[in-house]
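The file coords.pdb comes next; it holds PDB, C-alpha atoms and all ligand atoms.
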```pdb
ATOM      1  CA  MET Z   1      93.789 101.219 118.215
ATOM      2  CA  ASN Z   2      93.434 101.752 114.447
ATOM      3  CA  ILE Z   3      90.120 100.772 112.884
ATOM      4  CA  ILE Z   4      88.699 100.883 109.367
ATOM      5  CA  MET Z   5      84.932 101.360 109.012
ATOM      6  CA  PHE Z   6      83.899  99.670 105.818
ATOM      7  CA  GLY Z   7      80.565  99.464 104.015
ATOM      8  CA  PRO Z   8      78.445 100.919 101.215
ATOM      9  CA  PRO Z   9      77.117 104.499 101.241
ATOM     10  CA  GLY Z  10      74.335 104.805 103.815
ATOM     11  CA  ALA Z  11      75.532 101.797 105.859
ATOM     12  CA  GLY Z  12      76.046 103.934 108.974
ATOM     13  CA  LYS Z  13      79.849 104.220 108.923
ATOM     14  CA  GLY Z  14      79.891 107.872 110.014
ATOM     15  CA  THR Z  15      77.386 107.387 112.853
ATOM     16  CA  GLN Z  16      79.196 104.371 114.259
ATOM     17  CA  ALA Z  17      82.641 105.910 113.751
ATOM     18  CA  SER Z  18      81.673 108.942 115.806
ATOM     19  CA  ARG Z  19      80.319 106.703 118.600
ATOM     20  CA  LEU Z  20      83.546 104.704 118.582
ATOM     21  CA  GLU Z  21      85.598 107.867 118.695
ATOM     22  CA  SER Z  22      84.439 108.691 122.208
ATOM     23  CA  ALA Z  23      84.389 105.024 123.286
ATOM     24  CA  ILE Z  24      88.006 104.203 122.437
ATOM     25  CA  GLY Z  25      89.657 107.617 122.332
ATOM     26  CA  ALA Z  26      90.764 107.348 118.703
ATOM     27  CA  LYS Z  27      90.265 110.103 116.138
ATOM     28  CA  GLN Z  28      87.587 109.701 113.450
ATOM     29  CA  LEU Z  29      88.923 110.602 110.015
ATOM     30  CA  SER Z  30      86.170 110.919 107.423
ATOM     31  CA  THR Z  31      87.616 111.487 103.972
ATOM     32  CA  GLY Z  32      84.143 112.506 102.699
ATOM     33  CA  ASP Z  33      83.974 115.251 105.381
ATOM     34  CA  MET Z  34      87.516 116.392 104.548
ATOM     35  CA  LEU Z  35      86.623 116.660 100.870
ATOM     36  CA  ARG Z  36      83.360 118.491 101.618
ATOM     37  CA  ALA Z  37      85.329 120.986 103.734
ATOM     38  CA  GLU Z  38      87.628 121.543 100.732
ATOM     39  CA  LEU Z  39      84.583 122.153  98.476
ATOM     40  CA  ALA Z  40      83.587 125.093 100.649
ATOM     41  CA  SER Z  41      86.858 126.875  99.755
ATOM     42  CA  GLY Z  42      85.623 127.598  96.215
ATOM     43  CA  SER Z  43      89.115 126.907  94.771
ATOM     44  CA  GLU Z  44      89.725 125.468  91.270
ATOM     45  CA  MET Z  45      90.600 122.184  92.948
ATOM     46  CA  ALA Z  46      87.254 122.347  94.777
ATOM     47  CA  LYS Z  47      85.363 122.641  91.470
ATOM     48  CA  THR Z  48      87.079 119.536  90.110
ATOM     49  CA  LEU Z  49      86.430 117.608  93.313
ATOM     50  CA  LYS Z  50      82.766 118.626  93.333
ATOM     51  CA  SER Z  51      82.196 117.390  89.800
ATOM     52  CA  ILE Z  52      83.769 114.019  90.671
ATOM     53  CA  MET Z  53      81.765 113.664  93.886
ATOM     54  CA  ASP Z  54      78.467 114.777  92.320
ATOM     55  CA  ALA Z  55      78.960 112.103  89.665
ATOM     56  CA  GLY Z  56      79.387 109.488  92.419
ATOM     57  CA  GLN Z  57      82.917 108.728  91.200
ATOM     58  CA  LEU Z  58      86.079 108.353  93.253
ATOM     59  CA  VAL Z  59      88.621 111.113  93.728
ATOM     60  CA  PRO Z  60      92.050 109.969  92.378
ATOM     61  CA  ASP Z  61      94.120 107.784  94.700
ATOM     62  CA  ASP Z  62      97.149 110.096  94.836
ATOM     63  CA  ILE Z  63      95.033 112.983  96.156
ATOM     64  CA  MET Z  64      93.327 110.748  98.730
ATOM     65  CA  VAL Z  65      96.560 109.173  99.949
ATOM     66  CA  THR Z  66      98.178 112.610 100.398
ATOM     67  CA  LEU Z  67      95.091 113.883 102.243
ATOM     68  CA  ILE Z  68      94.955 110.957 104.674
ATOM     69  CA  GLN Z  69      98.713 110.903 105.227
ATOM     70  CA  TYR Z  70      98.670 114.572 106.161
ATOM     71  CA  ALA Z  71      95.702 114.043 108.504
ATOM     72  CA  MET Z  72      97.231 111.002 110.207
ATOM     73  CA  GLU Z  73     100.429 112.876 111.036
ATOM     74  CA  LYS Z  74      98.514 115.285 113.284
ATOM     75  CA  PRO Z  75      99.077 114.870 117.041
ATOM     76  CA  GLU Z  76      95.383 114.108 117.707
ATOM     77  CA  CYS Z  77      95.784 110.902 115.687
ATOM     78  CA  ALA Z  78      98.704 109.624 117.780
ATOM     79  CA  SER Z  79      96.553 107.334 119.937
ATOM     80  CA  GLY Z  80      94.705 105.803 117.001
ATOM     81  CA  VAL Z  81      92.322 106.517 114.150
ATOM     82  CA  ILE Z  82      88.940 105.345 112.931
ATOM     83  CA  LEU Z  83      89.046 105.591 109.160
ATOM     84  CA  ASP Z  84      85.619 106.350 107.734
ATOM     85  CA  GLY Z  85      85.592 106.276 103.932
ATOM     86  CA  PHE Z  86      89.245 105.286 103.399
ATOM     87  CA  PRO Z  87      90.611 103.125 101.830
ATOM     88  CA  ARG Z  88      88.200 102.805  98.920
ATOM     89  CA  THR Z  89      90.475 101.108  96.378
ATOM     90  CA  VAL Z  90      93.147  98.404  96.536
ATOM     91  CA  PRO Z  91      95.964 100.926  95.802
ATOM     92  CA  GLN Z  92      94.681 103.075  98.704
ATOM     93  CA  ALA Z  93      94.714 100.018 101.001
ATOM     94  CA  GLU Z  94      98.278  99.200  99.966
ATOM     95  CA  ALA Z  95      99.373 102.806 100.475
ATOM     96  CA  LEU Z  96      97.793 102.777 103.938
ATOM     97  CA  ASP Z  97      99.700  99.629 104.858
ATOM     98  CA  ARG Z  98     102.978 101.184 103.759
ATOM     99  CA  MET Z  99     102.193 104.384 105.655
ATOM    100  CA  LEU Z 100     101.378 102.531 108.887
ATOM    101  CA  LYS Z 101     104.362 100.207 108.638
ATOM    102  CA  ALA Z 102     106.690 103.155 108.171
ATOM    103  CA  SER Z 103     105.533 104.545 111.514
ATOM    104  CA  GLY Z 104     105.461 101.183 113.319
ATOM    105  CA  LYS Z 105     101.662 101.011 113.405
ATOM    106  CA  LYS Z 106      99.034  98.571 112.120
ATOM    107  CA  ILE Z 107      95.325  98.165 111.492
ATOM    108  CA  ASP Z 108      93.640  96.300 114.368
ATOM    109  CA  HIS Z 109      90.140  95.732 112.943
ATOM    110  CA  VAL Z 110      88.251  96.228 109.695
ATOM    111  CA  LEU Z 111      84.560  96.547 110.568
ATOM    112  CA  VAL Z 112      82.325  95.730 107.610
ATOM    113  CA  LEU Z 113      78.801  97.105 107.984
ATOM    114  CA  GLU Z 114      76.604  94.837 105.887
ATOM    115  CA  VAL Z 115      73.331  96.354 104.680
ATOM    116  CA  ASP Z 116      71.044  95.252 101.822
ATOM    117  CA  ASN Z 117      71.098  97.626  98.852
ATOM    118  CA  SER Z 118      67.287  97.856  99.010
ATOM    119  CA  ILE Z 119      67.354  99.798 102.276
ATOM    120  CA  LEU Z 120      70.333 102.033 101.478
ATOM    121  CA  LEU Z 121      68.303 104.278  99.202
ATOM    122  CA  SER Z 122      65.624 104.915 101.836
ATOM    123  CA  ARG Z 123      68.346 105.676 104.418
ATOM    124  CA  ILE Z 124      70.019 108.154 102.080
ATOM    125  CA  GLN Z 125      66.675 109.811 101.324
ATOM    126  CA  LYS Z 126      66.021 110.102 105.067
ATOM    127  CA  ARG Z 127      69.498 111.605 105.602
ATOM    128  CA  ALA Z 128      68.815 114.141 102.819
ATOM    129  CA  ALA Z 129      65.391 115.041 104.290
ATOM    130  CA  GLU Z 130      66.718 115.413 107.855
ATOM    131  CA  SER Z 131      69.786 117.430 106.936
ATOM    132  CA  GLY Z 132      69.219 121.165 106.638
ATOM    133  CA  ASN Z 133      72.145 121.258 104.245
ATOM    134  CA  ALA Z 134      71.614 118.220 102.005
ATOM    135  CA  ARG Z 135      74.652 116.686 100.316
ATOM    136  CA  SER Z 136      74.494 117.138  96.570
ATOM    137  CA  ASP Z 137      75.390 113.449  96.129
ATOM    138  CA  ASP Z 138      72.529 112.195  98.347
ATOM    139  CA  ASN Z 139      70.028 111.522  95.583
ATOM    140  CA  GLU Z 140      68.770 108.385  93.861
ATOM    141  CA  GLU Z 141      70.762 108.724  90.646
ATOM    142  CA  THR Z 142      74.100 109.403  92.354
ATOM    143  CA  LEU Z 143      73.479 106.770  95.004
ATOM    144  CA  LYS Z 144      73.070 104.106  92.310
ATOM    145  CA  LYS Z 145      76.370 105.196  90.802
ATOM    146  CA  ARG Z 146      78.046 105.210  94.252
ATOM    147  CA  LEU Z 147      76.784 101.669  94.883
ATOM    148  CA  ASP Z 148      78.181 100.501  91.521
ATOM    149  CA  VAL Z 149      81.518 102.116  92.355
ATOM    150  CA  TYR Z 150      81.458 100.445  95.793
ATOM    151  CA  GLU Z 151      80.898  97.006  94.244
ATOM    152  CA  ALA Z 152      83.467  97.504  91.464
ATOM    153  CA  GLN Z 153      86.290  99.324  93.248
ATOM    154  CA  THR Z 154      85.806  99.208  97.017
ATOM    155  CA  ALA Z 155      84.401  95.749  97.838
ATOM    156  CA  PRO Z 156      87.425  94.107  96.101
ATOM    157  CA  ILE Z 157      89.568  95.354  99.023
ATOM    158  CA  LEU Z 158      87.832  92.929 101.391
ATOM    159  CA  PRO Z 159      89.851  89.806 100.448
ATOM    160  CA  TYR Z 160      92.998  91.878 101.036
ATOM    161  CA  PHE Z 161      92.031  92.416 104.682
ATOM    162  CA  GLU Z 162      90.439  88.982 105.028
ATOM    163  CA  LYS Z 163      93.801  87.365 104.270
ATOM    164  CA  GLN Z 164      95.254  89.347 107.153
ATOM    165  CA  GLY Z 165      92.509  88.071 109.501
ATOM    166  CA  LEU Z 166      91.221  91.576 110.177
ATOM    167  CA  LEU Z 167      87.606  91.428 108.915
ATOM    168  CA  ARG Z 168      84.769  91.711 111.450
ATOM    169  CA  ARG Z 169      81.383  91.427 109.762
ATOM    170  CA  ILE Z 170      78.662  93.492 111.413
ATOM    171  CA  ASP Z 171      74.910  93.283 110.755
ATOM    172  CA  GLY Z 172      74.306  96.894 109.734
ATOM    173  CA  MET Z 173      70.565  96.281 109.326
ATOM    174  CA  ALA Z 174      70.081  96.137 113.102
ATOM    175  CA  GLU Z 175      69.006  99.131 115.244
ATOM    176  CA  ILE Z 176      71.759 101.727 115.724
ATOM    177  CA  ASP Z 177      72.432 100.742 119.376
ATOM    178  CA  ALA Z 178      72.510  97.052 118.479
ATOM    179  CA  VAL Z 179      75.065  97.789 115.747
ATOM    180  CA  THR Z 180      77.181  99.670 118.307
ATOM    181  CA  ASP Z 181      76.960  96.652 120.654
ATOM    182  CA  GLN Z 182      78.116  94.298 117.907
ATOM    183  CA  ILE Z 183      81.035  96.612 117.138
ATOM    184  CA  ASN Z 184      82.078  96.797 120.782
ATOM    185  CA  THR Z 185      82.017  93.015 120.967
ATOM    186  CA  ALA Z 186      83.980  92.677 117.706
ATOM    187  CA  ILE Z 187      86.779  94.929 118.933
ATOM    188  CA  GLY Z 188      86.878  93.303 122.359
ATOM    189  CA  LYS Z 189      85.338  96.208 124.297
ATOM    190  CA  LYS Z 190      82.421  94.095 125.472
ATOM    191  CA  LYS Z 191      81.636  90.396 125.897
ATOM    192  CA  ALA Z 192      79.148  88.775 123.456
ATOM    193  CA  ALA Z 193      75.717  88.243 125.101
TER     194      ALA Z 193
HETATM  195  P1  LIG R 201      81.470 109.707 101.703
HETATM  196  O1  LIG R 201      81.072 110.876 102.546
HETATM  197  O2  LIG R 201      82.451 108.808 102.412
HETATM  198  O3  LIG R 201      80.282 108.944 101.165
HETATM  199  O4  LIG R 201      82.253 110.280 100.431
HETATM  200  C1  LIG R 201      81.616 111.157  99.523
HETATM  201  C2  LIG R 201      82.392 111.177  98.206
HETATM  202  O5  LIG R 201      83.733 111.651  98.442
HETATM  203  C3  LIG R 201      82.562 109.837  97.526
HETATM  204  O6  LIG R 201      81.442 109.460  96.752
HETATM  205  C4  LIG R 201      83.815 110.102  96.671
HETATM  206  O7  LIG R 201      83.506 110.888  95.542
HETATM  207  C5  LIG R 201      84.657 110.966  97.603
HETATM  208  N1  LIG R 201      85.551 110.150  98.459
HETATM  209  C6  LIG R 201      85.499 110.019  99.827
HETATM  210  N2  LIG R 201      86.460 109.203 100.267
HETATM  211  C7  LIG R 201      87.146 108.798  99.165
HETATM  212  C8  LIG R 201      88.253 107.926  98.954
HETATM  213  N3  LIG R 201      88.862 107.287  99.983
HETATM  214  N4  LIG R 201      88.679 107.735  97.680
HETATM  215  C9  LIG R 201      88.105 108.366  96.638
HETATM  216  N5  LIG R 201      87.049 109.181  96.754
HETATM  217  C10 LIG R 201      86.563 109.419  98.009
END
```

Could you write out this structure as structure tokens?
Amino acid sequence: MNIIMFGPPGAGKGTQASRLESAIGAKQLSTGDMLRAELASGSEMAKTLKSIMDAGQLVPDDIMVTLIQYAMEKPECASGVILDGFPRTVPQAEALDRMLKASGKKIDHVLVLEVDNSILLSRIQKRAAESGNARSDDNEETLKKRLDVYEAQTAPILPYFEKQGLLRRIDGMAEIDAVTDQINTAIGKKKAA
């Protein structure tokens, strides 16, 4: 099964994606984690990426598409993927479609975690406080920029998937376990109560 986790920064995509990973045996692919791993290398490319990410902007589509294509070709992705943080633009979504079609695969569900902007900031602040190694983009100023970028460049992908009948809207404001329950119901792993 191939799933896209969709939602603004702080919506809980990573947490739910990692729960789903063990539940359905698909591989979680977090483009944010992949990029952060690249930052640690200290390369010239890493410096450029860091400045883009710290500004809350998006890394160029061609880099992201190459990164995800390479990751998806790995054997551990053969039984399915949970994409966490990709696609983030319409060209990325189109590239993903082409990539999947070429290998006879398809997206099964696009899970949209809906959370009010007002609580995203407090979640991000909590994540920064709880993490021993805080992300340099988990601060108020960058979060505001990331939310603007989400509205302007990422949310416009939704109609693209809606037309294909793939959108499953999830109340991301609920408790973590309740969100997991909704997701399991949405993907047919569990009957609605
Ligand atoms: P995330 O951990 O998903 O919040 O991603 C952190 C940052 O990595 C984002 O704010 C972007 O700068 C960059 N990034 C992650 N995924 C993508 C993507 N699919 N396209 C462009 N930039 C991305």

request  = Please write the residues picked by the PyMOL selection byres (((chain Z and resi 150-154) around 10) and not hetatm) on this file as a ChimeraX atom specification.
outcome  = /Z:6-9,56-58,85-90,92-93,144-149,155-158

Residues within 10 Å of (76.5, 105.1, 105.7), counting all atoms listed in the file, listed as a PyMOL selection string = chain Z and resi 5-16+84-85+113+115+120+123-124+127+172

ask   = Which residues, written as a count of residues only, have at least one atom at most 10 Å from segment 64-69 of chain Z, with all atoms listed in the file counted and residues fewer than 4 positions away on the same chain left out?
value = 21

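Relative to atom CA of Gly80 of chain Z, atom CA of Ile24 of chain Z is found at 8.8 Å.
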
key: Nearest to Asp54 of chain Z by atom-to-atom distance, counting all atoms listed in the file, from Z:Lys27, Z:Arg36, Z:Lys190, Z:Arg19   = Z:Arg36

Since the input is missing atoms, can you rebuild N, CA and C atoms for segment 101-127 of chain Z and write them as a tab-separated table (two decimals), in the coordinates of the input?
```tsv
chain	number	residue	atom	x	y	z
Z	101	LYS	N	103.12	100.95	108.35
Z	101	LYS	CA	104.36	100.21	108.64
Z	101	LYS	C	105.52	101.17	108.88
Z	102	ALA	N	105.58	102.20	108.06
Z	102	ALA	CA	106.69	103.16	108.17
Z	102	ALA	C	106.71	103.83	109.53
Z	103	SER	N	105.54	103.91	110.19
Z	103	SER	CA	105.53	104.54	111.51
Z	103	SER	C	105.32	103.51	112.62
Z	104	GLY	N	105.54	102.24	112.29
Z	104	GLY	CA	105.46	101.18	113.32
Z	104	GLY	C	104.05	100.93	113.82
Z	105	LYS	N	103.05	101.21	112.98
Z	105	LYS	CA	101.66	101.01	113.40
Z	105	LYS	C	101.00	99.94	112.56
Z	106	LYS	N	99.76	99.56	112.92
Z	106	LYS	CA	99.03	98.57	112.12
Z	106	LYS	C	97.54	98.78	112.28
Z	107	ILE	N	96.79	98.18	111.36
Z	107	ILE	CA	95.32	98.16	111.49
Z	107	ILE	C	94.95	97.04	112.46
Z	108	ASP	N	94.05	97.33	113.41
Z	108	ASP	CA	93.64	96.30	114.37
Z	108	ASP	C	92.37	95.58	113.91
Z	109	HIS	N	91.41	96.33	113.36
Z	109	HIS	CA	90.14	95.73	112.94
Z	109	HIS	C	89.61	96.44	111.70
Z	110	VAL	N	89.00	95.65	110.82
Z	110	VAL	CA	88.25	96.23	109.70
Z	110	VAL	C	86.79	95.83	109.91
Z	111	LEU	N	85.97	96.82	110.25
Z	111	LEU	CA	84.56	96.55	110.57
Z	111	LEU	C	83.73	96.73	109.31
Z	112	VAL	N	83.10	95.66	108.85
Z	112	VAL	CA	82.32	95.73	107.61
Z	112	VAL	C	80.84	95.80	107.96
Z	113	LEU	N	80.23	96.95	107.70
Z	113	LEU	CA	78.80	97.10	107.98
Z	113	LEU	C	78.02	96.57	106.79
Z	114	GLU	N	77.32	95.47	107.00
Z	114	GLU	CA	76.60	94.84	105.89
Z	114	GLU	C	75.13	95.26	105.90
Z	115	VAL	N	74.71	95.87	104.80
Z	115	VAL	CA	73.33	96.35	104.68
Z	115	VAL	C	72.84	96.05	103.26
Z	116	ASP	N	71.60	95.53	103.16
Z	116	ASP	CA	71.04	95.25	101.82
Z	116	ASP	C	70.90	96.54	101.02
Z	117	ASN	N	71.22	96.45	99.72
Z	117	ASN	CA	71.10	97.63	98.85
Z	117	ASN	C	69.70	98.24	98.91
Z	118	SER	N	68.68	97.37	99.08
Z	118	SER	CA	67.29	97.86	99.01
Z	118	SER	C	67.01	98.90	100.10
Z	119	ILE	N	67.69	98.80	101.26
Z	119	ILE	CA	67.35	99.80	102.28
Z	119	ILE	C	68.32	101.00	102.29
Z	120	LEU	N	69.39	100.91	101.49
Z	120	LEU	CA	70.33	102.03	101.48
Z	120	LEU	C	69.70	103.29	100.90
Z	121	LEU	N	68.90	103.10	99.84
Z	121	LEU	CA	68.30	104.28	99.20
Z	121	LEU	C	67.38	104.99	100.18
Z	122	SER	N	66.54	104.23	100.92
Z	122	SER	CA	65.62	104.92	101.84
Z	122	SER	C	66.41	105.60	102.96
Z	123	ARG	N	67.52	105.00	103.39
Z	123	ARG	CA	68.35	105.68	104.42
Z	123	ARG	C	68.93	106.98	103.90
Z	124	ILE	N	69.41	106.94	102.65
Z	124	ILE	CA	70.02	108.15	102.08
Z	124	ILE	C	68.95	109.24	101.91
Z	125	GLN	N	67.74	108.82	101.50
Z	125	GLN	CA	66.68	109.81	101.32
Z	125	GLN	C	66.32	110.44	102.67
Z	126	LYS	N	66.32	109.60	103.72
Z	126	LYS	CA	66.02	110.10	105.07
Z	126	LYS	C	67.12	111.10	105.49
Z	127	ARG	N	68.39	110.72	105.23
Z	127	ARG	CA	69.50	111.60	105.60
Z	127	ARG	C	69.35	112.95	104.88
```
